[in-house]
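Asker: Pasting final_19.txt here (compact mmCIF, C-alpha atoms):
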```txt
# COMPACT_ATOMS: atom_id res chain seq x y z
CA MET Z 1 -19.97 9.83 -12.56
CA SER Z 2 -17.18 8.91 -15.00
CA GLY Z 3 -14.55 8.99 -12.26
CA ILE Z 4 -15.97 6.02 -10.35
CA ASP Z 5 -13.31 3.33 -10.09
CA LYS Z 6 -14.23 0.38 -12.31
CA ALA Z 7 -12.77 -3.01 -13.10
CA GLY Z 8 -11.93 -3.95 -16.67
CA ARG Z 9 -11.68 -7.13 -18.73
CA VAL Z 10 -10.20 -10.19 -17.07
CA ARG Z 11 -6.60 -10.76 -18.15
CA THR Z 12 -5.90 -13.85 -20.27
CA GLY Z 13 -4.89 -16.75 -18.08
CA GLU Z 14 -6.41 -15.18 -14.95
CA GLU Z 15 -10.04 -16.16 -15.52
CA LEU Z 16 -12.20 -17.46 -12.65
CA ASP Z 17 -13.95 -20.83 -13.00
CA ILE Z 18 -17.45 -19.48 -12.45
CA SER Z 19 -19.05 -22.91 -12.90
CA ARG Z 20 -17.25 -24.04 -9.72
CA LEU Z 21 -17.13 -20.73 -7.86
CA SER Z 22 -20.69 -19.48 -8.23
CA PRO Z 23 -22.56 -22.38 -6.57
CA TRP Z 24 -20.25 -22.13 -3.54
CA LEU Z 25 -20.62 -18.36 -3.39
CA LEU Z 26 -24.42 -18.39 -3.68
CA LYS Z 27 -24.50 -20.75 -0.70
CA GLN Z 28 -22.29 -18.43 1.40
CA ILE Z 29 -24.07 -15.19 0.42
CA PRO Z 30 -27.78 -15.99 -0.10
CA GLU Z 31 -28.66 -12.50 -1.36
CA LEU Z 32 -26.64 -13.14 -4.53
CA GLN Z 33 -28.73 -14.44 -7.41
CA GLY Z 34 -28.01 -15.73 -10.90
CA LYS Z 35 -24.76 -15.77 -12.84
CA PRO Z 36 -22.22 -12.98 -12.26
CA GLU Z 37 -20.59 -10.59 -14.66
CA VAL Z 38 -16.87 -10.80 -13.88
CA ASN Z 39 -14.30 -8.03 -14.30
CA GLN Z 40 -10.79 -7.56 -12.96
CA TYR Z 41 -8.86 -4.63 -11.49
CA SER Z 42 -5.59 -3.92 -13.25
CA GLY Z 43 -3.77 -1.91 -10.59
CA GLY Z 44 -3.19 -2.20 -6.87
CA ALA Z 45 -1.56 -5.00 -4.95
CA SER Z 46 0.09 -8.13 -6.28
CA ASN Z 47 -2.98 -10.23 -5.47
CA TRP Z 48 -5.56 -10.69 -8.20
CA THR Z 49 -8.72 -8.68 -7.50
CA TYR Z 50 -12.06 -9.18 -9.26
CA CYS Z 51 -15.47 -7.53 -9.25
CA LEU Z 52 -18.40 -9.96 -9.43
CA LYS Z 53 -21.71 -8.34 -10.35
CA TYR Z 54 -24.88 -10.26 -9.51
CA GLY Z 55 -27.64 -8.00 -10.83
CA GLU Z 56 -27.45 -4.84 -8.74
CA LYS Z 57 -25.20 -6.44 -6.11
CA GLU Z 58 -21.43 -6.22 -6.55
CA VAL Z 59 -18.81 -7.99 -4.45
CA ILE Z 60 -15.01 -8.11 -4.57
CA LEU Z 61 -12.98 -11.34 -4.71
CA ARG Z 62 -9.27 -11.42 -3.87
CA ARG Z 63 -7.01 -14.38 -4.50
CA ALA Z 64 -3.28 -15.05 -4.68
CA PRO Z 65 -1.55 -14.98 -8.09
CA GLU Z 66 -1.02 -18.24 -9.95
CA GLY Z 67 1.93 -20.29 -8.75
CA THR Z 68 2.01 -18.87 -5.22
CA LYS Z 69 1.00 -20.40 -1.92
CA ALA Z 70 -1.53 -18.51 0.16
CA LYS Z 71 0.33 -19.25 3.38
CA GLY Z 72 3.30 -17.16 2.26
CA ALA Z 73 3.36 -13.59 0.99
CA HIS Z 74 -0.20 -13.87 -0.34
CA ASP Z 75 -2.02 -15.09 2.75
CA MET Z 76 -5.69 -14.61 1.96
CA GLY Z 77 -6.79 -16.09 5.27
CA ARG Z 78 -4.67 -13.61 7.20
CA GLU Z 79 -6.10 -10.68 5.22
CA TYR Z 80 -9.63 -11.93 5.79
CA ARG Z 81 -9.22 -12.46 9.53
CA LEU Z 82 -7.39 -9.17 10.02
CA GLN Z 83 -10.09 -7.12 8.32
CA SER Z 84 -12.88 -9.06 10.05
CA ALA Z 85 -11.38 -8.20 13.45
CA LEU Z 86 -10.58 -4.61 12.47
CA LYS Z 87 -13.96 -3.72 10.93
CA PRO Z 88 -15.82 -3.16 14.27
CA VAL Z 89 -13.21 -0.66 15.47
CA TYR Z 90 -12.11 0.88 12.15
CA HIS Z 91 -15.02 1.55 9.82
CA TYR Z 92 -12.86 2.23 6.76
CA VAL Z 93 -12.34 -1.53 6.32
CA PRO Z 94 -14.72 -3.30 3.91
CA GLU Z 95 -17.07 -5.91 5.36
CA MET Z 96 -15.82 -9.49 4.92
CA LEU Z 97 -18.46 -11.77 3.35
CA ALA Z 98 -16.88 -15.19 2.74
CA HIS Z 99 -13.57 -17.02 2.94
CA CYS Z 100 -12.52 -20.27 1.23
CA GLU Z 101 -9.41 -22.21 2.26
CA ASN Z 102 -9.94 -24.90 -0.38
CA GLU Z 103 -7.42 -24.05 -3.10
CA ASP Z 104 -8.98 -26.62 -5.45
CA LEU Z 105 -12.11 -24.52 -6.01
CA ILE Z 106 -10.48 -21.79 -8.14
CA GLY Z 107 -6.78 -22.63 -7.79
CA SER Z 108 -6.10 -20.51 -4.72
CA GLU Z 109 -7.41 -19.66 -1.28
CA PHE Z 110 -9.59 -16.56 -1.61
CA TYR Z 111 -12.03 -14.28 0.16
CA VAL Z 112 -14.98 -12.13 -0.83
CA MET Z 113 -15.80 -8.70 0.60
CA GLU Z 114 -18.16 -5.80 0.12
CA LYS Z 115 -17.43 -3.38 -2.70
CA PHE Z 116 -16.90 0.27 -1.89
CA THR Z 117 -18.34 2.29 -4.76
CA GLY Z 118 -16.35 5.47 -4.95
CA LEU Z 119 -13.45 7.39 -6.44
CA ILE Z 120 -9.81 6.30 -6.21
CA PRO Z 121 -7.18 9.02 -6.68
CA ARG Z 122 -4.25 7.53 -8.56
CA HIS Z 123 -1.63 9.53 -10.50
CA ASN Z 124 -4.24 12.25 -10.82
CA LEU Z 125 -7.75 12.75 -9.53
CA PRO Z 126 -10.39 10.71 -11.40
CA LYS Z 127 -11.66 12.17 -14.65
CA GLY Z 128 -14.30 14.81 -14.06
CA VAL Z 129 -13.18 15.52 -10.49
CA SER Z 130 -11.52 18.80 -9.54
CA LEU Z 131 -10.83 20.23 -6.11
CA SER Z 132 -10.36 23.79 -4.92
CA LYS Z 133 -7.34 24.61 -2.78
CA GLN Z 134 -9.44 24.28 0.37
CA GLN Z 135 -10.97 20.99 -0.77
CA ALA Z 136 -7.54 19.56 -1.59
CA ASN Z 137 -6.38 20.57 1.87
CA THR Z 138 -9.43 18.91 3.45
CA LEU Z 139 -8.87 15.70 1.47
CA CYS Z 140 -5.23 15.70 2.56
CA THR Z 141 -5.99 16.10 6.27
CA ASN Z 142 -8.88 13.62 6.09
CA ALA Z 143 -6.51 11.06 4.58
CA LEU Z 144 -3.96 11.65 7.32
CA ASP Z 145 -6.70 11.47 9.96
CA SER Z 146 -7.76 8.05 8.66
CA LEU Z 147 -4.19 6.78 9.14
CA ILE Z 148 -3.99 8.37 12.58
CA ARG Z 149 -7.24 6.64 13.57
CA LEU Z 150 -5.72 3.31 12.55
CA HIS Z 151 -2.63 3.98 14.65
CA LYS Z 152 -4.87 4.72 17.64
CA VAL Z 153 -6.79 1.43 17.44
CA ASP Z 154 -6.34 -0.72 20.56
CA HIS Z 155 -5.02 -3.83 18.82
CA LYS Z 156 -5.24 -5.96 21.96
CA ALA Z 157 -8.89 -5.09 22.55
CA ALA Z 158 -9.57 -5.81 18.86
CA GLY Z 159 -8.07 -9.29 19.22
CA LEU Z 160 -5.18 -8.43 16.90
CA ASP Z 161 -2.25 -8.74 19.29
CA HIS Z 162 -1.16 -11.84 17.33
CA LEU Z 163 -0.85 -9.86 14.08
CA GLY Z 164 2.92 -9.43 14.32
CA LYS Z 165 5.90 -9.87 16.62
CA GLY Z 166 5.62 -6.29 17.91
CA ALA Z 167 8.63 -5.19 19.97
CA GLY Z 168 11.86 -5.08 17.99
CA TYR Z 169 10.00 -4.14 14.80
CA THR Z 170 12.36 -1.28 13.93
CA VAL Z 171 15.49 -3.42 14.05
CA ARG Z 172 13.82 -6.23 12.10
CA GLN Z 173 12.76 -3.82 9.35
CA ILE Z 174 16.19 -2.28 8.97
CA GLU Z 175 17.94 -5.65 8.93
CA GLY Z 176 15.30 -7.09 6.62
CA TRP Z 177 15.48 -4.35 3.99
CA ILE Z 178 19.27 -4.27 4.07
CA SER Z 179 19.24 -8.01 3.36
CA ARG Z 180 16.63 -7.72 0.61
CA TYR Z 181 18.43 -4.88 -1.13
CA SER Z 182 21.79 -6.67 -0.94
CA LYS Z 183 20.35 -9.88 -2.40
CA ALA Z 184 18.64 -7.99 -5.23
CA LYS Z 185 21.61 -5.75 -6.07
CA THR Z 186 22.70 -5.65 -9.71
CA TRP Z 187 25.96 -4.22 -11.11
CA ASN Z 188 24.35 -0.94 -12.15
CA VAL Z 189 23.03 0.25 -8.77
CA PRO Z 190 24.94 1.54 -5.71
CA SER Z 191 25.96 -0.70 -2.83
CA ALA Z 192 24.00 1.67 -0.52
CA LYS Z 193 26.51 0.94 2.25
CA TYR Z 194 26.53 4.55 3.47
CA VAL Z 195 22.74 4.60 3.86
CA MET Z 196 22.63 1.11 5.39
CA ASP Z 197 25.30 1.97 7.95
CA TRP Z 198 23.58 5.24 8.83
CA LEU Z 199 20.25 3.50 9.40
CA LYS Z 200 21.85 0.84 11.62
CA ASP Z 201 23.70 3.52 13.61
CA ASN Z 202 20.64 5.74 14.07
CA ILE Z 203 17.89 3.32 15.13
CA PRO Z 204 15.76 5.24 17.66
CA SER Z 205 16.06 4.14 21.28
CA THR Z 206 12.27 3.97 21.64
CA GLU Z 207 9.54 2.55 19.43
CA HIS Z 208 5.76 2.51 19.58
CA ILE Z 209 3.73 -0.53 18.56
CA CYS Z 210 0.32 -0.33 16.90
CA ILE Z 211 -1.46 -1.63 13.81
CA THR Z 212 0.36 -0.35 10.73
CA HIS Z 213 -0.94 -0.48 7.16
CA ASN Z 214 2.49 -0.28 5.46
CA ASP Z 215 1.12 0.71 2.06
CA PHE Z 216 -0.90 3.79 2.96
CA ARG Z 217 -1.19 5.87 -0.21
CA PHE Z 218 -3.97 7.84 -1.86
CA ASP Z 219 -4.46 5.12 -4.47
CA ASN Z 220 -5.42 2.74 -1.65
CA LEU Z 221 -8.17 5.10 -0.50
CA VAL Z 222 -11.79 5.23 -1.69
CA LEU Z 223 -13.42 8.68 -1.80
CA ASP Z 224 -17.09 9.51 -1.50
CA ILE Z 225 -18.71 10.17 -4.88
CA GLU Z 226 -20.73 13.14 -3.63
CA ASP Z 227 -17.92 14.60 -1.51
CA PRO Z 228 -14.44 13.64 -2.83
CA THR Z 229 -12.80 15.12 0.27
CA LYS Z 230 -14.36 12.34 2.40
CA ILE Z 231 -12.62 8.97 2.85
CA ILE Z 232 -15.06 6.03 2.85
CA GLY Z 233 -12.60 3.14 2.59
CA VAL Z 234 -9.00 2.02 3.00
CA LEU Z 235 -7.90 -0.91 0.82
CA ASP Z 236 -5.03 -3.40 0.38
CA TRP Z 237 -4.24 -4.76 3.84
CA GLU Z 238 -1.80 -7.51 2.84
CA LEU Z 239 1.21 -5.74 4.41
CA ALA Z 240 -0.53 -4.71 7.64
CA THR Z 241 1.13 -5.82 10.86
CA LEU Z 242 2.02 -4.69 14.38
CA GLY Z 243 4.72 -2.13 13.79
CA ASP Z 244 5.92 1.35 14.56
CA PRO Z 245 3.50 4.09 13.43
CA LEU Z 246 6.35 6.52 12.70
CA MET Z 247 7.83 4.00 10.27
CA ASP Z 248 4.40 3.62 8.67
CA MET Z 249 4.40 7.38 8.15
CA GLY Z 250 7.94 7.18 6.75
CA ASN Z 251 6.70 4.62 4.20
CA SER Z 252 3.91 6.96 3.11
CA LEU Z 253 6.23 9.96 2.86
CA ALA Z 254 8.45 8.09 0.38
CA TYR Z 255 5.58 8.30 -2.14
CA TRP Z 256 4.68 11.90 -1.23
CA VAL Z 257 5.63 14.15 -4.15
CA GLN Z 258 4.98 17.85 -3.62
CA ALA Z 259 4.59 20.60 -6.22
CA ASP Z 260 8.10 22.05 -5.81
CA ASP Z 261 9.97 18.72 -6.03
CA ASP Z 262 12.58 18.06 -8.71
CA ARG Z 263 11.73 16.74 -12.16
CA ILE Z 264 12.51 13.11 -11.34
CA ALA Z 265 10.19 13.10 -8.33
CA ARG Z 266 7.41 14.76 -10.33
CA ALA Z 267 7.86 12.28 -13.18
CA THR Z 268 7.46 9.32 -10.83
CA ARG Z 269 4.48 10.68 -8.89
CA ARG Z 270 1.78 8.08 -8.18
CA GLN Z 271 -0.76 10.17 -6.26
CA PRO Z 272 -2.14 13.73 -6.46
CA THR Z 273 -0.15 15.13 -3.52
CA HIS Z 274 1.10 17.93 -5.80
CA LEU Z 275 -2.27 19.69 -5.88
CA ASN Z 276 -2.58 23.23 -4.63
CA GLY Z 277 -3.75 22.90 -1.03
CA MET Z 278 -2.03 19.60 -0.29
CA LEU Z 279 0.43 19.64 2.61
CA GLY Z 280 4.14 19.39 1.90
CA ARG Z 281 6.14 16.57 3.51
CA GLN Z 282 7.29 18.65 6.48
CA GLU Z 283 3.74 19.89 7.00
CA VAL Z 284 2.55 16.28 6.93
CA ILE Z 285 5.09 15.37 9.63
CA ASP Z 286 4.11 18.36 11.76
CA TYR Z 287 0.39 17.59 11.38
CA TYR Z 288 0.88 13.92 12.25
CA LEU Z 289 3.01 14.61 15.33
CA ASP Z 290 0.61 17.29 16.55
CA LYS Z 291 -2.44 15.00 16.20
CA THR Z 292 -0.79 11.92 17.73
CA GLY Z 293 1.28 13.59 20.44
CA PHE Z 294 4.42 11.68 19.51
CA LYS Z 295 7.60 13.53 20.46
CA VAL Z 296 10.25 13.32 17.74
CA ASP Z 297 13.13 15.79 17.64
CA ASP Z 298 14.27 14.72 14.18
CA PHE Z 299 12.13 12.73 11.73
CA THR Z 300 15.07 12.01 9.40
CA PHE Z 301 15.45 8.35 10.38
CA TYR Z 302 11.86 7.58 9.40
CA GLU Z 303 12.11 9.51 6.12
CA VAL Z 304 15.36 7.77 5.16
CA TYR Z 305 13.93 4.39 6.12
CA GLY Z 306 10.89 4.97 3.90
CA LEU Z 307 13.03 5.99 0.94
CA PHE Z 308 15.46 3.09 1.42
CA ARG Z 309 12.59 0.62 1.73
CA LEU Z 310 11.12 1.97 -1.52
CA ALA Z 311 14.56 1.64 -3.16
CA GLY Z 312 14.57 -1.99 -2.01
CA ILE Z 313 11.11 -2.61 -3.44
CA VAL Z 314 12.06 -1.02 -6.77
CA GLN Z 315 15.35 -2.92 -6.95
CA GLN Z 316 13.60 -6.23 -6.32
CA ILE Z 317 11.34 -5.49 -9.30
CA TYR Z 318 14.31 -4.43 -11.45
CA PHE Z 319 16.24 -7.57 -10.42
CA ARG Z 320 13.51 -9.70 -12.00
CA TYR Z 321 13.70 -7.66 -15.22
CA HIS Z 322 17.52 -7.69 -15.24
CA HIS Z 323 17.54 -11.49 -15.01
CA LYS Z 324 14.81 -11.83 -17.65
CA GLN Z 325 12.27 -13.21 -15.18
CA THR Z 326 9.89 -10.59 -16.58
CA ARG Z 327 10.00 -8.69 -19.86
CA ASN Z 328 7.76 -5.78 -18.86
CA PRO Z 329 9.39 -2.78 -20.61
CA ALA Z 330 8.13 -0.48 -17.85
CA PHE Z 331 10.83 -1.96 -15.59
CA LYS Z 332 13.76 -1.32 -17.94
CA ASN Z 333 15.03 1.90 -16.33
CA LEU Z 334 14.13 1.26 -12.70
CA TRP Z 335 17.84 1.03 -11.87
CA PHE Z 336 17.99 4.79 -12.42
CA PHE Z 337 15.16 5.37 -9.94
CA VAL Z 338 17.07 3.31 -7.35
CA HIS Z 339 20.04 5.70 -7.80
CA TYR Z 340 17.69 8.62 -7.30
CA LEU Z 341 16.06 7.25 -4.14
CA LEU Z 342 19.44 6.54 -2.55
CA TRP Z 343 20.56 10.06 -3.47
CA ARG Z 344 17.45 11.33 -1.69
CA CYS Z 345 18.44 9.26 1.36
CA LYS Z 346 21.90 10.83 1.42
CA ARG Z 347 20.51 14.31 0.93
CA SER Z 348 18.12 13.87 3.88
CA ILE Z 349 20.95 12.57 6.08
CA LYS Z 350 23.25 15.47 5.22
CA ASN Z 351 20.50 18.06 5.70
CA SER Z 352 19.82 16.72 9.18
CA LYS Z 353 23.38 17.30 10.40
```
Take the structure I supplied and represent it as structure tokens, if you would.

Answerer:
Amino acid sequence: MSGIDKAGRVRTGEELDISRLSPWLLKQIPELQGKPEVNQYSGGASNWTYCLKYGEKEVILRRAPEGTKAKGAHDMGREYRLQSALKPVYHYVPEMLAHCENEDLIGSEFYVMEKFTGLIPRHNLPKGVSLSKQQANTLCTNALDSLIRLHKVDHKAAGLDHLGKGAGYTVRQIEGWISRYSKAKTWNVPSAKYVMDWLKDNIPSTEHICITHNDFRFDNLVLDIEDPTKIIGVLDWELATLGDPLMDMGNSLAYWVQADDDRIARATRRQPTHLNGMLGRQEVIDYYLDKTGFKVDDFTFYEVYGLFRLAGIVQQIYFRYHHKQTRNPAFKNLWFFVHYLLWRCKRSIKNSK
């Protein structure tokens, strides 16, 4: 099927040293034979992700970008160990096959995992794939169910109680994103003081702690080729930690653009949540609370947090462009999107009063 997600040509300067890598890899995974065909995925997380094809067998290699240290924001060992421990209790995680701490081999710590062959819904559904209203609804609820299953995993029984600090997560996130936004602020974006103060003043008195993905979007899901309403994999675990599941949902809602949203939201849509049959944001909240049993009188805090966090992420990217640390023209007008996201925050706050 033409819609199957495929890697493309390796970007210049990001090639793998196959002469060094392949002998090591063949030793770790005996079923691999010969010399691999190497391709690279262009989208997704900040880590570099490759597809290595050995005959009929394909595996995925993830490594940190050039110039970064794996023990920091691109901790390959942490990703590998997390998914290894999670796989037995959460089948959507790919199987981990090999891990190399020696940065000298290819210039970075890396790991290798199984490849899920399937469809990835990005801005739109893959080419050649269409869903009826009922199918879109089924895909939507299946996606939400896969997140709910993650939030119900017993992290202590899975040996993942060391994954994060746990208690106090909500306060740390609010303080952390306020600090990040403030440090990345440029002259042409708002101070966001009103939103920051509101978040600090409205931190919920209770929090729940579970495994959170923190980047749960449709473009991090792999769909079954034969039945595109079925989720077969969840990808990109670099931000996963022990956190509050309601904040994880708030993060996801920030990317959730529905069919009747304004023009700016529709123009920045990154996933096919606009399809006829998809739940709207309030329906998503209601579905999630009903399935999990969490009691929340007003979800506004989590929605505003998700939007403010996204504004912080976008502003950090724009900061790099503004200071000529990157010349990617796609980042030129991100300051405007920051204005929009903060306006959305204020609108949500005022509508909740």

Asker: Would you mind listing what lies within 10 Å of Ser191 (chain Z) as number ranges by chain, with all atoms listed in the file counted and same-chain residues fewer than 4 positions away left out?

Answerer: Z: 181-182, 185-187, 195-196, 342

Asker: Filtering to C-alpha atoms, could you give me those residues as a PDB file, keeping the file's coordinate frame?

Answerer:
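This is the output file out-v1.pdb:
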```
ATOM      1  CA  TYR Z 181      18.430  -4.880  -1.130  1.00  0.00           C
ATOM      2  CA  SER Z 182      21.790  -6.670  -0.940  1.00  0.00           C
ATOM      3  CA  LYS Z 185      21.610  -5.750  -6.070  1.00  0.00           C
ATOM      4  CA  THR Z 186      22.700  -5.650  -9.710  1.00  0.00           C
ATOM      5  CA  TRP Z 187      25.960  -4.220 -11.110  1.00  0.00           C
ATOM      6  CA  VAL Z 195      22.740   4.600   3.860  1.00  0.00           C
ATOM      7  CA  MET Z 196      22.630   1.110   5.390  1.00  0.00           C
ATOM      8  CA  LEU Z 342      19.440   6.540  -2.550  1.00  0.00           C
TER       9      LEU Z 342
END
```

Asker: Quick one, how far is CA of Pro94 (chain Z) from CA of Thr117 (chain Z)?

Answerer: 10.9 Å

Asker: Which residues are close to region 142-158 of chain Z, i.e. within 10 Å by all atoms listed in the file, leaving aside same-chain residues fewer than 5 positions away? Reply as a PyMOL selection string.

Answerer: chain Z and resi 82+84-92+136-137+163+208-213+216-218+221+223+229-234+242-246+248-249+284+287-289+291-292

Asker: Could you jot down the CA of Met76 (chain Z) to CA of Glu14 (chain Z) separation for me, Å, one decimal place?

Answerer: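 Atom-to-atom, CA of Met76 (chain Z) to CA of Glu14 (chain Z), that is 16.9 Å.
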
Asker: Restricting the calculation to all atoms listed in the file: of Z:Gly118, Z:Pro228, Z:Pro190, Z:Gly34, which residue gets closest to Gly55 (chain Z)?

Answerer: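 Of Z:Gly118, Z:Pro228, Z:Pro190, Z:Gly34, the one nearest Gly55 (chain Z), counting all atoms listed in the file, is Z:Gly34.
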
Asker: Using all atoms listed in the file, can you tell me which of Z:Ile178, Z:Leu61, Z:Leu341, Z:Ala98 comes closest to Ile264 (chain Z)?

Answerer: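 Of all the options, Z:Leu341 lies closest to Ile264 (chain Z).
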
Asker: Nearest to Asn102 (chain Z) among Z:Tyr41, Z:Phe337, Z:Phe319, Z:Trp24, with distances taken over all atoms listed in the file: which residue is it?

Answerer: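 Using all atoms listed in the file, the shortest distance to Asn102 (chain Z) belongs to Z:Trp24.
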
Asker: Choose the residue, out of Z:Val304, Z:Leu125, Z:Val10, Z:Leu160, that has the smallest atom-to-atom separation from Asn202 (chain Z); count all atoms listed in the file.

Answerer: Z:Val304

Asker: Pick from Z:Glu58, Z:Glu114, Z:Asp201, Z:Asp219: nearest to Gln271 (chain Z), with all atoms listed in the file counted?

Answerer: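 Ranked by minimum distance to Gln271 (chain Z), first place goes to Z:Asp219.
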
Asker: Take CA of Ala64 (chain Z) and CA of Phe110 (chain Z) and report the distance between them in Å, one decimal.

Answerer: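 Computing the Euclidean distance for CA of Ala64 (chain Z) and CA of Phe110 (chain Z) yields 7.2 Å.
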
Asker: List every protein, DNA or RNA residue with an atom no more than 10 Å from (9.7, 6.5, -0.7) in the file's coordinates, counting all atoms listed in the file, and format the result as a PyMOL selection string.

Answerer: chain Z and resi 250-257+303-314+341-342+344-345

Asker: Go through Z:Met278, Z:Tyr111, Z:Ile120, Z:Gly128 one by one, measure the shortest atom-to-atom distance of each to Gln28 (chain Z) using only C-alpha atoms, and give the residue with the smallest value.

Answerer: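 Once distances to Gln28 (chain Z) are computed over only C-alpha atoms, the minimum belongs to Z:Tyr111.
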
Asker: Assuming 5 Å of padding per side, give the centre and edge lengths of the axis-aligned box around every listed atom of region 210-227 of chain Z, in Å to one decimal and as AutoDock Vina command-line options.

Answerer:
```
--center_x -9.1 --center_y 6.5 --center_z 6.0 --size_x 33.2 --size_y 26.2 --size_z 31.8
```

Asker: So that I can see what lies close to Lys57 (chain Z), please list as a ChimeraX atom specification the residues with an atom at most 10 Å from it, counting all atoms listed in the file and leaving out residues fewer than 6 positions away in the same chain.

Answerer: /Z:31-33,36,114-115
